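Everything on this sheet refers to the single structure shown next.
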Amino acid sequence: MNIKTVGVIGAGTMGNGIAQVFATSGFNVMLVDVDYESLERATLSIESSLQRLLKKEKISADEKSSALLKISTTTDLNILSEADFVIEAVVENFEVKARIFNQLDSLCKSDVVLASNTSSISLTRIAAQTNRPDKVIGMHFMNPVAVMQLVEIIRAMQTSDQTCQRVESVSRRLGKTPVVANDSPGFVSNRILIPMINEAIFALHEGVATAQAIDEIMKLGMNHPLGPLALADLIGLDICLSVLEVLQEGMGDPKFRPCPLLKKMVDANYLGRKTGEGFYQYH
Ligand code: NAD
């Protein structure tokens with residue numbers, strides 16, 4: 001199938017970035033969210049991200065305006081009956097994703113691939129919610145989407161070779177590098193990254209060092225571009241906690257126990273950049 005129109009569900013941190021890269025790569029994008037304000041914020045965020053790219057001379061003024069024209073926003077999921085490819089990027093919650101995939105399966109054309117940007121949830125379980133499990137796959141973009149090169153492709157147990165090849169080819173059309181992994185809690189990226197972030201939060205919680213010192217040590221000592229606590233703020237502390245819960249449940253290993261400080265911060269709605277406060281403050 002020739003993919004012209006892409007549906008993106010969820011207009012938060014990841015959804016707006018995903019919509020932007022599809023639009024700048026020439027696809028029409030239908031961005032869907034249950035929350036009208038999220039759609040408004042996403043539009044502003046895409047505009048300012050494109051403006052930054054224009055300033056850095058990475059895109060022209062024409063490319064900026066044509067990308068913006070390619071994105072339409074709506075709260076009506078039914079519009080996705082017209083999509084040729086769909087990627088879901090809603091909250092990291094299995095029940096919410098299961099419901100959406102079930103709806104998408106009845107709405108979308110039968111040959112449409114249904115991808116999820118989940119950070120950790122089993123693609124095999126998500127695929128089982130549909131009557132097209134061979135066309136369900138993980139397409140895990142990294143944050144910030146416009147900048148990061150990797151797309152981690154996750155094969156559910158049921159994903160066909162053809163679906164995997166199609167998604168690898170779509171990723172290359174976006175200028176990204178796809179790397180394939182099998183379905184397992186946290187896949188490769190978050191199985192390794194999130195426990196490291198959790199350990200940094202434990203170090204802070206136990207008073208081993210300040211947040212600034214922990215981040216400085218990991219930046220200067222390990223050559224990480226961002227310290228683990230600043231990265232947690234960028235990812236969203238709620239997402240970090242959800243991934244740890246999936247890892248803990250899926251692996252049955254206490255080493256994935258979320259730090260009590262992380263839980264407390266999520267309870268306080270200190271979620272990082274998206275709420276203006278996390279391990280650091282953002283204004
Ligand atoms: P977010 O909280 O910023 O945004 C989630 C959006 O989903 C919100 O706008 C919300 O209104 C919308 N939403 C909730 N329920 C919905 C529904 N039923 N239908 C349509 N929209 C709905 O979350 P995010 O950080 O963008 O994460 C989205 C997904 O991407 C999650 O699965 C997350 O694990 C994954 N992910 C996140 C990161 C990251 O760094 N934040 C990186 C890679 C993958």
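Naming works like this for the structure tokens: A, B, ... for the chains as they're shown, residue 1 at the start of each chain, ligands 1 onward in shown order.
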
Using only C-alpha atoms, find each residue of segment 2-110 of chain A with at least one atom at most 12 Å away from an atom of segment 228-238 of chain A; report its shortest atom-to-atom pair and that distance in Å (one decimal), sort the rows by chain and rising residue number, and return the result as JSON lines.
{"residue": "A:Gly12", "atom": "CA", "partner": "A:Gly236", "partner_atom": "CA", "distance": 10.8}
{"residue": "A:Thr13", "atom": "CA", "partner": "A:Ile235", "partner_atom": "CA", "distance": 8.3}
{"residue": "A:Met14", "atom": "CA", "partner": "A:Ile235", "partner_atom": "CA", "distance": 9.3}
{"residue": "A:Val91", "atom": "CA", "partner": "A:Asp238", "partner_atom": "CA", "distance": 9.4}
{"residue": "A:Glu92", "atom": "CA", "partner": "A:Asp238", "partner_atom": "CA", "distance": 8.7}
{"residue": "A:Asn93", "atom": "CA", "partner": "A:Asp238", "partner_atom": "CA", "distance": 10.7}

Please produce a file of those selected residues containing all heavy atoms, as a PDB file, in the first residue's frame.
ATOM      1  N   GLY A  12       0.580  14.403  22.955  1.00  0.00           N
ATOM      2  CA  GLY A  12       1.448  14.853  24.049  1.00  0.00           C
ATOM      3  C   GLY A  12       2.888  15.002  23.587  1.00  0.00           C
ATOM      4  O   GLY A  12       3.159  15.252  22.403  1.00  0.00           O
ATOM      5  N   THR A  13       3.813  14.827  24.524  1.00  0.00           N
ATOM      6  CA  THR A  13       5.247  14.994  24.263  1.00  0.00           C
ATOM      7  C   THR A  13       5.664  14.260  22.985  1.00  0.00           C
ATOM      8  O   THR A  13       6.334  14.819  22.120  1.00  0.00           O
ATOM      9  CB  THR A  13       6.059  14.399  25.444  1.00  0.00           C
ATOM     10  OG1 THR A  13       5.520  14.889  26.663  1.00  0.00           O
ATOM     11  CG2 THR A  13       7.527  14.739  25.353  1.00  0.00           C
ATOM     12  N   MET A  14       5.289  12.981  22.882  1.00  0.00           N
ATOM     13  CA  MET A  14       5.761  12.173  21.754  1.00  0.00           C
ATOM     14  C   MET A  14       4.895  12.369  20.510  1.00  0.00           C
ATOM     15  O   MET A  14       5.414  12.483  19.400  1.00  0.00           O
ATOM     16  CB  MET A  14       5.773  10.691  22.140  1.00  0.00           C
ATOM     17  CG  MET A  14       6.741  10.371  23.232  1.00  0.00           C
ATOM     18  SD  MET A  14       8.440  10.881  22.867  1.00  0.00           S
ATOM     19  CE  MET A  14       8.916   9.691  21.644  1.00  0.00           C
ATOM     20  N   VAL A  91      -1.258   7.751  26.640  1.00  0.00           N
ATOM     21  CA  VAL A  91      -0.643   7.437  27.941  1.00  0.00           C
ATOM     22  C   VAL A  91      -0.184   5.973  28.039  1.00  0.00           C
ATOM     23  O   VAL A  91      -0.777   5.091  27.413  1.00  0.00           O
ATOM     24  CB  VAL A  91      -1.638   7.720  29.099  1.00  0.00           C
ATOM     25  CG1 VAL A  91      -1.684   9.198  29.414  1.00  0.00           C
ATOM     26  CG2 VAL A  91      -3.028   7.204  28.771  1.00  0.00           C
ATOM     27  N   GLU A  92       0.848   5.752  28.856  1.00  0.00           N
ATOM     28  CA  GLU A  92       1.438   4.404  29.000  1.00  0.00           C
ATOM     29  C   GLU A  92       0.569   3.555  29.932  1.00  0.00           C
ATOM     30  O   GLU A  92       0.899   3.346  31.102  1.00  0.00           O
ATOM     31  CB  GLU A  92       2.878   4.550  29.519  1.00  0.00           C
ATOM     32  CG  GLU A  92       3.685   3.265  29.554  1.00  0.00           C
ATOM     33  CD  GLU A  92       4.119   2.770  28.178  1.00  0.00           C
ATOM     34  OE1 GLU A  92       3.596   3.234  27.155  1.00  0.00           O
ATOM     35  OE2 GLU A  92       5.002   1.898  28.146  1.00  0.00           O
ATOM     36  N   ASN A  93      -0.555   3.098  29.400  1.00  0.00           N
ATOM     37  CA  ASN A  93      -1.505   2.334  30.206  1.00  0.00           C
ATOM     38  C   ASN A  93      -2.116   1.257  29.310  1.00  0.00           C
ATOM     39  O   ASN A  93      -2.681   1.575  28.260  1.00  0.00           O
ATOM     40  CB  ASN A  93      -2.580   3.307  30.730  1.00  0.00           C
ATOM     41  CG  ASN A  93      -3.695   2.609  31.473  1.00  0.00           C
ATOM     42  OD1 ASN A  93      -4.410   1.784  30.926  1.00  0.00           O
ATOM     43  ND2 ASN A  93      -3.840   2.949  32.729  1.00  0.00           N
TER      44      ASN A  93
END

Find the residues of segment 159-229 of chain A that sit at most 7 Å from segment 126-135 of chain A; for each, write down the nearest two atoms and how far apart they are in Å, to one decimal. Count only C-alpha atoms. Sort by chain, then by number going up, and give it as CSV.
residue,atom,partner,partner_atom,distance
A:Thr159,CA,A:Asp134,CA,4.1
A:Ser160,CA,A:Asp134,CA,4.9
A:Thr163,CA,A:Lys135,CA,5.6

Could you save those same residues with N, CA, C and O atoms as an mmCIF file, in the first residue's frame?
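out_22.cif written:
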data_model
loop_
_atom_site.group_PDB
_atom_site.id
_atom_site.type_symbol
_atom_site.label_atom_id
_atom_site.label_comp_id
_atom_site.auth_asym_id
_atom_site.auth_seq_id
_atom_site.Cartn_x
_atom_site.Cartn_y
_atom_site.Cartn_z
ATOM 1 N N THR A 159 3.659 -10.484 14.849
ATOM 2 C CA THR A 159 3.996 -9.549 13.753
ATOM 3 C C THR A 159 4.600 -10.303 12.560
ATOM 4 O O THR A 159 5.516 -11.116 12.730
ATOM 5 N N SER A 160 4.108 -9.994 11.358
ATOM 6 C CA SER A 160 4.639 -10.681 10.166
ATOM 7 C C SER A 160 5.930 -10.011 9.688
ATOM 8 O O SER A 160 6.191 -8.838 9.992
ATOM 9 N N THR A 163 5.093 -6.837 7.718
ATOM 10 C CA THR A 163 4.802 -5.646 8.549
ATOM 11 C C THR A 163 6.108 -5.034 9.050
ATOM 12 O O THR A 163 6.296 -3.810 9.018
#

List the spatial neighbours of Tyr282 of chain A as a PDB file with all heavy atoms, in the first residue's frame - criterion: any atom at most 10 Å away, only C-alpha atoms, same-chain residues fewer than 5 positions off excluded.
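The resulting file, part36.pdb, is reproduced below:
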ATOM      1  N   ASP A 233      13.305  14.050  33.768  1.00  0.00           N
ATOM      2  CA  ASP A 233      12.404  15.203  33.620  1.00  0.00           C
ATOM      3  C   ASP A 233      11.945  15.366  32.171  1.00  0.00           C
ATOM      4  O   ASP A 233      10.813  15.767  31.902  1.00  0.00           O
ATOM      5  CB  ASP A 233      13.129  16.495  34.040  1.00  0.00           C
ATOM      6  CG  ASP A 233      13.118  16.709  35.553  1.00  0.00           C
ATOM      7  OD1 ASP A 233      12.490  15.904  36.267  1.00  0.00           O
ATOM      8  OD2 ASP A 233      13.739  17.690  36.008  1.00  0.00           O
ATOM      9  N   GLY A 272       8.149  16.608  35.778  1.00  0.00           N
ATOM     10  CA  GLY A 272       9.274  17.023  34.939  1.00  0.00           C
ATOM     11  C   GLY A 272       8.889  18.195  34.064  1.00  0.00           C
ATOM     12  O   GLY A 272       8.046  19.015  34.446  1.00  0.00           O
ATOM     13  N   ARG A 273       9.478  18.254  32.889  1.00  0.00           N
ATOM     14  CA  ARG A 273       9.266  19.419  32.018  1.00  0.00           C
ATOM     15  C   ARG A 273       7.800  19.692  31.736  1.00  0.00           C
ATOM     16  O   ARG A 273       7.375  20.839  31.668  1.00  0.00           O
ATOM     17  CB  ARG A 273       9.983  19.207  30.679  1.00  0.00           C
ATOM     18  CG  ARG A 273      11.473  19.434  30.790  1.00  0.00           C
ATOM     19  CD  ARG A 273      12.145  19.138  29.464  1.00  0.00           C
ATOM     20  NE  ARG A 273      13.568  19.156  29.625  1.00  0.00           N
ATOM     21  CZ  ARG A 273      14.352  20.150  29.191  1.00  0.00           C
ATOM     22  NH1 ARG A 273      13.840  21.184  28.571  1.00  0.00           N
ATOM     23  NH2 ARG A 273      15.650  20.088  29.384  1.00  0.00           N
ATOM     24  N   LYS A 274       7.021  18.618  31.541  1.00  0.00           N
ATOM     25  CA  LYS A 274       5.639  18.853  31.095  1.00  0.00           C
ATOM     26  C   LYS A 274       4.775  19.521  32.156  1.00  0.00           C
ATOM     27  O   LYS A 274       3.776  20.151  31.817  1.00  0.00           O
ATOM     28  CB  LYS A 274       4.992  17.578  30.545  1.00  0.00           C
ATOM     29  CG  LYS A 274       4.802  16.444  31.491  1.00  0.00           C
ATOM     30  CD  LYS A 274       4.199  15.241  30.719  1.00  0.00           C
ATOM     31  CE  LYS A 274       4.426  13.951  31.453  1.00  0.00           C
ATOM     32  NZ  LYS A 274       4.082  12.791  30.654  1.00  0.00           N
ATOM     33  N   THR A 275       5.139  19.424  33.449  1.00  0.00           N
ATOM     34  CA  THR A 275       4.372  20.155  34.466  1.00  0.00           C
ATOM     35  C   THR A 275       5.180  21.319  35.044  1.00  0.00           C
ATOM     36  O   THR A 275       4.735  21.987  35.969  1.00  0.00           O
ATOM     37  CB  THR A 275       3.921  19.224  35.624  1.00  0.00           C
ATOM     38  OG1 THR A 275       5.083  18.593  36.172  1.00  0.00           O
ATOM     39  CG2 THR A 275       2.939  18.170  35.157  1.00  0.00           C
ATOM     40  N   GLY A 276       6.394  21.548  34.517  1.00  0.00           N
ATOM     41  CA  GLY A 276       7.201  22.694  34.950  1.00  0.00           C
ATOM     42  C   GLY A 276       8.077  22.394  36.155  1.00  0.00           C
ATOM     43  O   GLY A 276       8.905  23.196  36.547  1.00  0.00           O
ATOM     44  N   GLU A 277       7.880  21.225  36.785  1.00  0.00           N
ATOM     45  CA  GLU A 277       8.669  20.889  37.963  1.00  0.00           C
ATOM     46  C   GLU A 277       8.933  19.392  38.039  1.00  0.00           C
ATOM     47  O   GLU A 277       8.028  18.575  37.875  1.00  0.00           O
ATOM     48  CB  GLU A 277       7.907  21.335  39.227  1.00  0.00           C
ATOM     49  CG  GLU A 277       8.639  20.965  40.487  1.00  0.00           C
ATOM     50  CD  GLU A 277       8.525  22.008  41.581  1.00  0.00           C
ATOM     51  OE1 GLU A 277       7.747  22.948  41.413  1.00  0.00           O
ATOM     52  OE2 GLU A 277       9.235  21.863  42.588  1.00  0.00           O
TER      53      GLU A 277
END

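Here the question is which of A:Ala213, A:Ile153, A:Gly10, A:Lys55 gets nearest to Asp35 of chain A using only C-alpha atoms, and that residue is A:Gly10.
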
**OP:** Write out as a ChimeraX atom specification all residues of segment 1-86 of chain A that backbone DSSP assigns to strand (DSSP E or B).
**Re:** /A:5-9,28-32,71-74,85-86

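Of the listed residues A:Lys64, A:His140, A:Arg173, A:Lys58, the one whose atoms come nearest to ligand 1 is A:His140, with distances taken using only C-alpha atoms and all ligand atoms.
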
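Closest to ligand 1 among A:Lys4, A:Arg99, A:Lys56, A:Lys219 is A:Arg99, based on only C-alpha atoms and all ligand atoms.
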